[in-house]
$ cat model_19.txt   # compact mmCIF, C-alpha atoms
# COMPACT_ATOMS: atom_id res chain seq x y z
CA MET A 1 63.67 30.71 -66.34
CA LYS A 2 62.15 29.81 -62.99
CA GLU A 3 58.36 29.65 -62.85
CA PHE A 4 56.12 29.83 -59.80
CA VAL A 5 54.09 26.66 -60.08
CA ILE A 6 52.43 25.86 -56.75
CA SER A 7 49.04 26.73 -58.17
CA GLU A 8 49.44 24.05 -60.84
CA ALA A 9 49.88 21.24 -58.28
CA LYS A 10 46.77 20.47 -56.26
CA ALA A 11 47.16 19.36 -52.65
CA GLU A 12 50.94 19.36 -52.86
CA THR A 13 52.47 18.66 -49.44
CA ALA A 14 54.76 21.14 -47.73
CA VAL A 15 57.14 21.33 -44.79
CA LEU A 16 57.57 24.71 -43.04
CA VAL A 17 60.79 25.98 -41.49
CA GLY A 18 61.28 28.95 -39.14
CA LEU A 19 63.81 30.31 -36.66
CA ILE A 20 63.56 31.29 -32.99
CA THR A 21 65.96 34.17 -32.36
CA LYS A 22 66.57 36.95 -29.84
CA GLU A 23 64.36 39.23 -31.92
CA GLN A 24 61.70 36.57 -32.56
CA ASP A 25 60.71 34.39 -29.59
CA GLU A 26 59.01 30.99 -29.75
CA ALA A 27 55.48 32.41 -29.53
CA LYS A 28 56.18 34.89 -32.33
CA THR A 29 57.71 32.17 -34.51
CA LYS A 30 54.59 30.05 -34.01
CA GLU A 31 52.38 32.97 -35.10
CA TYR A 32 54.55 33.55 -38.18
CA LEU A 33 54.42 29.84 -39.09
CA ASP A 34 50.63 29.86 -38.59
CA GLU A 35 50.49 32.65 -41.15
CA LEU A 36 52.93 30.83 -43.44
CA GLU A 37 50.69 27.76 -43.28
CA PHE A 38 47.70 29.92 -44.20
CA LEU A 39 49.73 31.27 -47.15
CA ALA A 40 50.59 27.71 -48.21
CA ASP A 41 46.93 26.72 -47.95
CA THR A 42 45.92 29.73 -50.04
CA ALA A 43 48.44 28.59 -52.67
CA GLY A 44 47.00 25.07 -52.67
CA ALA A 45 49.57 23.24 -50.53
CA VAL A 46 48.92 21.09 -47.44
CA THR A 47 51.35 21.47 -44.54
CA VAL A 48 52.45 18.15 -43.03
CA LYS A 49 55.25 19.22 -40.67
CA ARG A 50 56.91 22.24 -39.08
CA PHE A 51 60.55 22.58 -38.07
CA THR A 52 61.97 25.34 -35.87
CA GLN A 53 65.47 25.98 -34.55
CA ARG A 54 66.96 28.36 -32.00
CA LEU A 55 69.76 30.39 -33.55
CA ASN A 56 71.24 33.85 -33.13
CA GLY A 57 70.34 34.42 -36.75
CA PRO A 58 69.92 32.55 -40.04
CA SER A 59 72.94 30.67 -41.37
CA SER A 60 74.26 32.43 -44.47
CA VAL A 61 74.88 28.99 -46.00
CA THR A 62 71.76 26.93 -45.28
CA TYR A 63 69.47 29.21 -43.17
CA VAL A 64 69.25 26.50 -40.46
CA GLY A 65 72.16 24.58 -38.96
CA GLN A 66 73.51 21.39 -40.51
CA GLY A 67 71.94 19.20 -37.81
CA LYS A 68 68.47 20.64 -38.41
CA LEU A 69 68.96 20.28 -42.17
CA ASP A 70 69.80 16.59 -41.67
CA GLU A 71 66.64 16.22 -39.54
CA ILE A 72 64.49 17.73 -42.29
CA ARG A 73 66.16 15.50 -44.92
CA GLN A 74 65.49 12.40 -42.79
CA PHE A 75 61.83 13.37 -42.40
CA ILE A 76 61.48 13.75 -46.18
CA LYS A 77 63.14 10.35 -46.70
CA ASP A 78 60.87 8.70 -44.12
CA GLU A 79 57.81 10.14 -45.86
CA GLU A 80 59.03 8.79 -49.20
CA ASP A 81 59.52 5.34 -47.65
CA GLN A 82 55.87 5.44 -46.60
CA GLU A 83 54.88 6.64 -50.09
CA ARG A 84 53.95 10.11 -48.80
CA GLU A 85 56.09 12.41 -50.89
CA VAL A 86 56.95 15.90 -49.58
CA GLY A 87 56.54 18.30 -52.47
CA MET A 88 58.34 21.34 -51.10
CA VAL A 89 60.02 22.95 -48.12
CA ILE A 90 58.98 26.56 -47.40
CA PHE A 91 61.14 28.90 -45.30
CA ASP A 92 59.60 31.77 -43.34
CA ASP A 93 62.18 34.32 -44.48
CA GLU A 94 63.57 35.40 -47.83
CA LEU A 95 66.48 33.18 -48.89
CA SER A 96 69.55 34.20 -50.86
CA ALA A 97 70.60 32.39 -54.04
CA LYS A 98 73.37 30.69 -52.07
CA GLN A 99 70.99 29.45 -49.37
CA ILE A 100 68.47 28.13 -51.91
CA ARG A 101 71.21 26.35 -53.87
CA ASN A 102 72.67 24.66 -50.81
CA VAL A 103 69.33 23.66 -49.30
CA GLU A 104 68.06 22.30 -52.63
CA LYS A 105 71.22 20.23 -52.98
CA ALA A 106 70.79 18.81 -49.48
CA LEU A 107 67.05 18.13 -49.53
CA GLN A 108 66.44 17.34 -53.21
CA VAL A 109 62.95 18.89 -53.22
CA LYS A 110 61.49 22.20 -54.34
CA ILE A 111 62.54 25.07 -52.04
CA LEU A 112 60.48 28.22 -51.58
CA ASP A 113 60.73 31.15 -49.22
CA ARG A 114 58.01 33.43 -47.91
CA THR A 115 58.56 35.92 -50.75
CA SER A 116 58.26 33.40 -53.58
CA LEU A 117 55.14 31.94 -51.93
CA ILE A 118 53.49 35.37 -51.73
CA LEU A 119 54.46 36.05 -55.34
CA ASP A 120 52.84 32.78 -56.41
CA ILE A 121 49.60 33.69 -54.62
CA PHE A 122 49.65 37.13 -56.25
CA ALA A 123 50.12 35.47 -59.65
CA MET A 124 47.09 33.26 -58.94
CA ARG A 125 44.95 36.19 -57.79
CA ALA A 126 45.87 38.74 -60.48
CA GLN A 127 42.89 39.42 -62.76
CA SER A 128 43.42 42.78 -64.45
CA ALA A 129 46.19 43.64 -66.91
CA GLU A 130 47.60 46.04 -64.31
CA ALA A 131 47.78 43.43 -61.53
CA LYS A 132 49.29 40.83 -63.87
CA THR A 133 51.94 43.32 -65.01
CA GLN A 134 52.75 44.29 -61.43
CA VAL A 135 53.10 40.66 -60.33
CA GLU A 136 55.29 39.76 -63.30
CA LEU A 137 57.54 42.74 -62.56
CA ALA A 138 57.91 41.66 -58.92
CA GLN A 139 58.65 38.06 -60.00
CA HIS A 140 61.40 39.15 -62.39
CA ARG A 141 62.93 41.42 -59.75
CA TYR A 142 62.92 38.49 -57.35
CA MET A 143 64.47 36.11 -59.90
CA LEU A 144 67.25 38.41 -61.10
CA PRO A 145 69.69 38.00 -58.18
CA ARG A 146 68.89 34.27 -57.98
CA LEU A 147 69.59 33.34 -61.59
CA GLN A 148 73.03 31.90 -60.90
CA ARG A 149 71.70 28.88 -59.06
CA LEU A 150 69.83 27.76 -62.17
CA TRP A 151 73.06 27.14 -64.04
CA THR A 152 75.46 25.73 -61.45
CA HIS A 153 74.73 22.20 -62.65
CA LEU A 154 76.26 22.98 -66.04
CA GLU A 155 79.87 22.09 -66.49
CA ARG A 156 82.12 25.04 -67.30
CA GLN A 157 83.99 23.89 -70.35
CA GLY A 158 86.88 25.46 -72.19
CA GLY A 159 86.81 26.58 -75.79
CA GLY A 160 85.61 29.81 -77.28
CA SER A 161 87.50 32.26 -79.40
CA GLY A 162 91.19 33.03 -79.36
CA SER A 163 94.25 30.82 -79.07
CA GLY A 164 96.11 29.75 -75.98
CA GLY A 165 92.99 29.86 -73.83
CA GLY A 166 94.66 30.06 -70.43
CA LYS A 167 92.51 30.04 -67.29
CA GLY A 168 90.68 33.30 -66.85
CA SER A 169 90.91 34.23 -70.51
CA VAL A 170 88.02 36.36 -71.70
CA GLY A 171 87.49 34.02 -74.63
CA LEU A 172 86.89 31.04 -72.34
CA ARG A 173 83.26 31.17 -71.30
CA GLY A 174 81.40 28.01 -70.48
CA PRO A 175 77.82 27.38 -71.62
CA GLY A 176 76.47 27.99 -68.12
CA GLU A 177 77.96 31.47 -67.95
CA THR A 178 76.75 32.32 -71.44
CA GLN A 179 73.22 31.18 -70.62
CA LEU A 180 73.31 33.09 -67.33
CA GLU A 181 74.27 36.31 -69.07
CA MET A 182 71.60 35.73 -71.72
CA ASP A 183 68.87 35.15 -69.13
CA ARG A 184 69.99 38.17 -67.16
CA ARG A 185 69.77 40.35 -70.27
CA ILE A 186 66.32 38.98 -71.17
CA ILE A 187 65.00 39.62 -67.65
CA LEU A 188 66.43 43.16 -67.54
CA GLN A 189 64.79 43.91 -70.90
CA ARG A 190 61.52 42.47 -69.63
CA ILE A 191 61.71 44.55 -66.45
CA THR A 192 62.21 47.70 -68.54
CA LEU A 193 59.20 46.82 -70.72
CA LEU A 194 56.99 46.08 -67.70
CA LYS A 195 57.95 49.37 -66.06
CA GLN A 196 57.00 51.20 -69.25
CA ARG A 197 53.64 49.40 -69.31
CA LEU A 198 52.95 50.40 -65.72
CA VAL A 199 53.78 54.04 -66.50
CA GLU A 200 51.17 53.97 -69.28
CA ILE A 201 48.63 52.26 -67.02
CA ASP A 202 49.34 54.81 -64.30
CA LYS A 203 48.68 57.67 -66.74
CA GLN A 204 45.32 56.13 -67.62
CA LYS A 205 44.48 55.67 -63.93
CA THR A 206 45.44 59.28 -63.17
CA THR A 207 43.12 60.48 -65.93
CA GLN A 208 40.31 58.30 -64.56
CA ARG A 209 40.83 59.69 -61.06
CA LYS A 210 40.69 63.27 -62.38
CA ASN A 211 37.39 62.52 -64.10
CA ARG A 212 35.70 61.42 -60.90
CA GLY A 213 34.63 64.93 -60.04
CA ARG A 214 34.78 66.70 -56.72
CA LEU A 215 34.19 63.70 -54.51
CA ILE A 216 35.84 62.82 -51.22
CA ARG A 217 37.85 59.60 -51.50
CA VAL A 218 37.79 57.00 -48.74
CA ALA A 219 40.12 53.99 -48.85
CA LEU A 220 39.80 50.73 -46.93
CA VAL A 221 43.26 49.63 -45.78
CA GLY A 222 44.47 46.91 -43.44
CA TYR A 223 46.13 43.57 -43.01
CA THR A 224 45.16 40.85 -45.42
CA ASN A 225 42.02 38.84 -44.61
CA VAL A 226 40.56 41.31 -42.10
CA GLY A 227 37.28 41.73 -43.99
CA LYS A 228 37.82 44.84 -46.13
CA SER A 229 36.03 43.40 -49.16
CA THR A 230 33.09 42.24 -47.03
CA ILE A 231 32.75 45.78 -45.63
CA MET A 232 33.03 47.17 -49.17
CA ASN A 233 30.19 44.92 -50.33
CA LEU A 234 28.07 45.80 -47.33
CA LEU A 235 28.46 49.58 -47.59
CA SER A 236 28.35 49.94 -51.37
CA LYS A 237 26.03 47.01 -52.10
CA SER A 238 28.52 45.76 -54.67
CA ASP A 239 29.89 42.28 -55.34
CA VAL A 240 33.65 42.54 -54.72
CA PHE A 241 35.20 39.06 -54.41
CA ALA A 242 35.69 38.09 -50.75
CA GLU A 243 36.67 34.80 -49.11
CA ASN A 244 38.61 33.46 -46.14
CA LYS A 245 41.93 33.40 -47.98
CA LEU A 246 44.96 35.68 -47.93
CA PHE A 247 45.11 38.32 -50.68
CA ALA A 248 41.61 37.62 -51.97
CA THR A 249 41.68 41.15 -53.43
CA LEU A 250 44.58 42.35 -55.59
CA ASP A 251 42.98 44.87 -57.90
CA THR A 252 41.83 48.08 -56.29
CA THR A 253 38.06 48.41 -56.61
CA VAL A 254 36.42 51.84 -56.43
CA ARG A 255 32.68 52.28 -55.90
CA LYS A 256 30.52 55.37 -55.61
CA MET A 257 28.54 55.57 -52.38
CA VAL A 258 25.74 57.85 -51.24
CA ILE A 259 24.77 58.27 -47.58
CA ASP A 260 21.91 60.69 -46.94
CA ASN A 261 22.45 62.38 -50.33
CA LEU A 262 26.17 62.76 -49.66
CA PRO A 263 28.16 61.03 -52.43
CA PHE A 264 31.78 59.90 -52.05
CA LEU A 265 34.14 57.26 -53.45
CA LEU A 266 35.06 54.11 -51.52
CA ALA A 267 38.13 52.08 -52.54
CA ASP A 268 39.02 48.53 -51.50
CA THR A 269 42.80 47.98 -51.63
CA VAL A 270 45.24 45.07 -51.49
CA GLY A 271 45.94 43.81 -47.97
CA PHE A 272 49.30 44.16 -46.27
CA ILE A 273 51.26 41.41 -44.54
CA ARG A 274 54.35 40.91 -42.38
CA LYS A 275 57.63 40.76 -44.27
CA LEU A 276 55.91 42.04 -47.42
CA PRO A 277 58.52 41.83 -50.20
CA THR A 278 59.97 45.23 -51.08
CA ASP A 279 59.76 44.41 -54.78
CA LEU A 280 56.05 43.75 -54.37
CA VAL A 281 55.46 47.10 -52.67
CA ASP A 282 57.43 48.86 -55.42
CA SER A 283 55.57 47.01 -58.17
CA PHE A 284 52.16 47.83 -56.67
CA LYS A 285 52.83 51.53 -56.16
CA SER A 286 50.36 52.53 -58.88
CA THR A 287 47.64 50.37 -57.30
CA LEU A 288 48.38 51.94 -53.92
CA ASP A 289 47.94 55.42 -55.40
CA GLU A 290 44.30 55.07 -54.32
CA VAL A 291 45.64 55.03 -50.76
CA ARG A 292 47.94 58.00 -51.36
CA GLU A 293 45.18 60.09 -52.91
CA ALA A 294 42.51 59.17 -50.36
CA ASP A 295 41.11 61.89 -48.12
CA LEU A 296 40.24 59.41 -45.37
CA LEU A 297 41.67 56.00 -44.51
CA LEU A 298 39.51 53.35 -42.84
CA HIS A 299 42.03 51.04 -41.18
CA VAL A 300 40.19 47.72 -40.82
CA VAL A 301 41.45 45.39 -38.08
CA ASP A 302 40.48 41.78 -37.31
CA ILE A 303 39.89 42.10 -33.56
CA SER A 304 39.47 38.33 -33.22
CA HIS A 305 43.07 37.74 -34.33
CA PRO A 306 45.34 37.05 -31.33
CA ASP A 307 48.08 39.26 -32.77
CA PHE A 308 45.95 42.12 -34.09
CA GLU A 309 48.10 44.77 -32.41
CA GLU A 310 51.19 43.74 -34.36
CA GLN A 311 49.09 43.68 -37.53
CA ILE A 312 48.13 47.29 -36.78
CA THR A 313 51.84 48.14 -36.46
CA VAL A 314 52.64 46.41 -39.78
CA VAL A 315 49.92 48.38 -41.59
CA GLU A 316 50.95 51.68 -39.99
CA LYS A 317 54.57 51.12 -41.01
CA THR A 318 53.55 50.30 -44.59
CA LEU A 319 51.38 53.42 -44.72
CA ALA A 320 54.31 55.47 -43.43
CA ASP A 321 56.52 53.98 -46.18
CA LEU A 322 53.88 55.11 -48.70
CA GLY A 323 53.91 58.63 -47.24
CA CYS A 324 50.38 58.32 -45.83
CA ALA A 325 51.09 58.40 -42.10
CA ASP A 326 49.56 61.87 -41.62
CA LYS A 327 46.30 61.27 -43.48
CA PRO A 328 43.01 61.49 -41.56
CA SER A 329 42.18 57.95 -40.48
CA MET A 330 40.06 55.87 -38.18
CA ILE A 331 40.27 52.29 -36.97
CA VAL A 332 37.41 49.91 -37.71
CA PHE A 333 37.64 46.81 -35.52
CA ASN A 334 35.87 44.08 -37.49
CA LYS A 335 34.80 40.54 -36.52
CA ILE A 336 33.61 41.39 -32.99
CA ASP A 337 31.32 38.36 -33.32
CA ALA A 338 34.43 36.11 -33.36
CA TYR A 339 36.24 37.81 -30.44
CA THR A 340 37.07 35.41 -27.59
CA TRP A 341 38.67 35.88 -24.19
CA ILE A 342 39.59 33.75 -21.17
CA GLU A 343 37.92 34.73 -17.90
CA LYS A 344 40.36 35.21 -15.02
CA GLU A 345 39.84 33.53 -11.67
CA PRO A 346 38.57 35.93 -8.95
CA ASP A 347 41.82 35.63 -6.95
CA ASP A 348 44.07 36.00 -10.01
CA LEU A 349 46.06 39.22 -9.50
CA THR A 350 48.17 38.95 -12.64
CA PRO A 351 47.89 41.93 -15.04
CA ALA A 352 45.22 41.78 -17.72
CA THR A 353 46.44 40.71 -21.16
CA LYS A 354 44.79 40.66 -24.56
CA GLU A 355 43.95 36.99 -23.93
CA ASN A 356 41.83 37.68 -20.83
CA ILE A 357 40.41 41.14 -21.41
CA THR A 358 36.72 41.43 -22.25
CA LEU A 359 35.50 43.07 -25.44
CA ASP A 360 33.93 45.92 -23.44
CA GLU A 361 37.23 46.56 -21.65
CA LEU A 362 39.07 46.46 -24.95
CA LYS A 363 36.59 48.91 -26.46
CA ARG A 364 37.15 51.37 -23.62
CA THR A 365 40.92 51.07 -24.01
CA TRP A 366 40.92 51.83 -27.73
CA MET A 367 38.18 54.42 -27.59
CA ALA A 368 40.22 56.26 -24.97
CA LYS A 369 43.16 56.22 -27.40
CA MET A 370 41.27 57.02 -30.59
CA GLN A 371 38.28 58.94 -29.16
CA ASP A 372 35.66 59.16 -31.93
CA ASN A 373 38.03 57.67 -34.53
CA CYS A 374 37.28 54.12 -33.46
CA LEU A 375 34.48 51.71 -34.39
CA PHE A 376 33.63 48.12 -33.45
CA ILE A 377 31.60 46.15 -36.00
CA SER A 378 30.90 42.75 -37.48
CA ALA A 379 30.52 42.96 -41.25
CA ARG A 380 29.47 39.31 -41.46
CA GLU A 381 26.72 39.66 -38.84
CA LYS A 382 25.95 43.28 -39.83
CA GLN A 383 26.49 44.52 -36.28
CA ASN A 384 26.88 48.29 -35.71
CA ILE A 385 26.80 48.98 -39.46
CA ASP A 386 24.27 51.81 -39.06
CA GLU A 387 26.61 53.44 -36.56
CA MET A 388 29.46 53.07 -39.05
CA ARG A 389 27.38 54.76 -41.77
CA GLU A 390 26.60 57.66 -39.43
CA VAL A 391 30.23 58.17 -38.45
CA LEU A 392 31.34 57.85 -42.08
CA TYR A 393 28.77 60.44 -43.15
CA LYS A 394 29.99 62.87 -40.50
CA LYS A 395 33.67 62.39 -41.41
CA VAL A 396 33.10 62.68 -45.16
CA ARG A 397 30.91 65.77 -44.81
CA GLU A 398 33.56 67.52 -42.68
CA LEU A 399 36.27 66.68 -45.22
CA HIS A 400 34.06 67.81 -48.10
CA VAL A 401 33.39 71.21 -46.53
CA GLN A 402 37.11 71.65 -45.84
CA LYS A 403 38.20 70.60 -49.34
CA TYR A 404 35.40 72.23 -51.37
CA PRO A 405 34.14 75.11 -49.20
CA TYR A 406 32.35 76.89 -52.06
CA ASN A 407 30.95 73.86 -53.82
CA ASP A 408 29.26 71.93 -51.07
CA PHE A 409 26.93 69.41 -52.78
CA LEU A 410 26.78 71.52 -55.98
CA TYR A 411 27.25 68.55 -58.26
CA ASP A 412 25.11 65.79 -59.62
CA ILE A 413 25.35 62.79 -57.30
CA ASN A 414 24.90 60.51 -60.30
CA GLU A 415 27.93 61.98 -62.05
CA GLU A 416 30.74 59.44 -62.47

$ encode --input "model_19.txt" --output "structure tokens"
Amino acid sequence: MKEFVISEAKAETAVLVGLITKEQDEAKTKEYLDELEFLADTAGAVTVKRFTQRLNGPSSVTYVGQGKLDEIRQFIKDEEDQEREVGMVIFDDELSAKQIRNVEKALQVKILDRTSLILDIFAMRAQSAEAKTQVELAQHRYMLPRLQRLWTHLERQGGGSGSGGGKGSVGLRGPGETQLEMDRRIILQRITLLKQRLVEIDKQKTTQRKNRGRLIRVALVGYTNVGKSTIMNLLSKSDVFAENKLFATLDTTVRKMVIDNLPFLLADTVGFIRKLPTDLVDSFKSTLDEVREADLLLHVVDISHPDFEEQITVVEKTLADLGCADKPSMIVFNKIDAYTWIEKEPDDLTPATKENITLDELKRTWMAKMQDNCLFISAREKQNIDEMREVLYKKVRELHVQKYPYNDFLYDINEE
């Protein structure tokens, strides 16, 4: 069976491949490849080259056209001649079994797509039994439709039971086909077992959530690497793992907080990303129950990211898919200390864009949209954190009075 092994090879070199299409212009493709490079770096690979091609859509045979494939193959060969081996080629979209098989045959190196790369990072990051089970389930779901390519190198020989043995006879099954069916059965059995494990884990989690008492639940949500864990550490004075890598947090962490004698629960959740694999979302549904059961969502946004508005859209779509679109929420723009803008010339009459708008102007724009459901902070520099605590206190207290009108603060704040 295929294993995800990037994490085992340190400083392995990678080539990235993306498409420029009618739906995805050159600037967008560059942003996606920037993110793909960050993913590769998180997985322990060093990017040495990028290739892009303008097409109406991906080729069903090789993703890119034959000419571009030849160009990539020549680059790999040239690197080998200079004793700089290319370890893998990573494509910015999910590839079919047919595409992977054909590209592997042409390039003769390891081929990954965005999904398998994300799965590898998740496998590296998983710490708890729940996260490890969820990742393994997603990996097996990803592998299942791609099993066939693992056995195409085996010669289909005649033989088997029965006499005559004409072509197409049921008794004539080559070793490749037999192995394929065996692997498929093993994976399906494993998927069933993993699903059962997650059901049991989910029951335990549900019981734990019920035992938390009458506390308002607040969940930090957002794109990956926007600073959710740093905010969690700052507000709850805990030590949740946080670093400048994608998917630093996989396991949902819940901490009890008290602001001015008002206790509530704060949860740090896994970050979202563009083109998040469906199997991964399905596998992590139990983890994301903290989001579903939250009374208030704090949508954290990296305001210093040039494409933060699309990241907001990605998160909002994922929340809608989880059935959380109507939950009370507020946007927390983080990393204001890293926000940059380009000052326009006095005689420049072109419309303002997100590249040349000041932070104060941006604040007014979003505060006009969100009214009092919008905050601007820097968790790293601890800017406007007191304001955030005040707003959070007000929101939580309102929700508490609405949810528990006859039991306002009638419980022990030290109760788990």

$ closest_residue --input "model_19.txt" --among "A:Gly18, A:Gly222, A:Pro263, A:Pro328" --to "His299 of chain A" --atoms "all atoms listed in the file"
A:Gly222

$ closest_residue --input "model_19.txt" --among "A:Glu181, A:Glu309, A:Asp295, A:Asp113" --to "Leu36 of chain A" --atoms "only C-alpha atoms"
A:Asp113

$ closest_residue --input "model_19.txt" --among "A:Trp366, A:Ile201, A:Thr224, A:Glu136" --to "Ile187 of chain A" --atoms "only C-alpha atoms"
A:Glu136

$ atom_distance --input "model_19.txt" --atom1 "atom CA of Glu310 of chain A" --atom2 "atom CA of Ile100 of chain A"
29.2 Å

$ axis_aligned_box --input "model_19.txt" --around "segment 295-298 of chain A" --padding-each-side "6 Å" --output "lines of an AutoDock Vina configuration file"
center_x = 40.6
center_y = 57.6
center_z = -45.5
size_x = 14.2
size_y = 20.5
size_z = 17.3

$ atom_distance --input "model_19.txt" --atom1 "atom CA of Leu375 of chain A" --atom2 "atom CA of Leu319 of chain A"
19.9 Å

$ residues_around --input "model_19.txt" --residues "Met330 of chain A" --least-positions-apart "6" --cutoff "7 Å" --atoms "all atoms listed in the file" --output "list in words"
Leu297, Leu298, His299, Asn373 and Cys374 of chain A
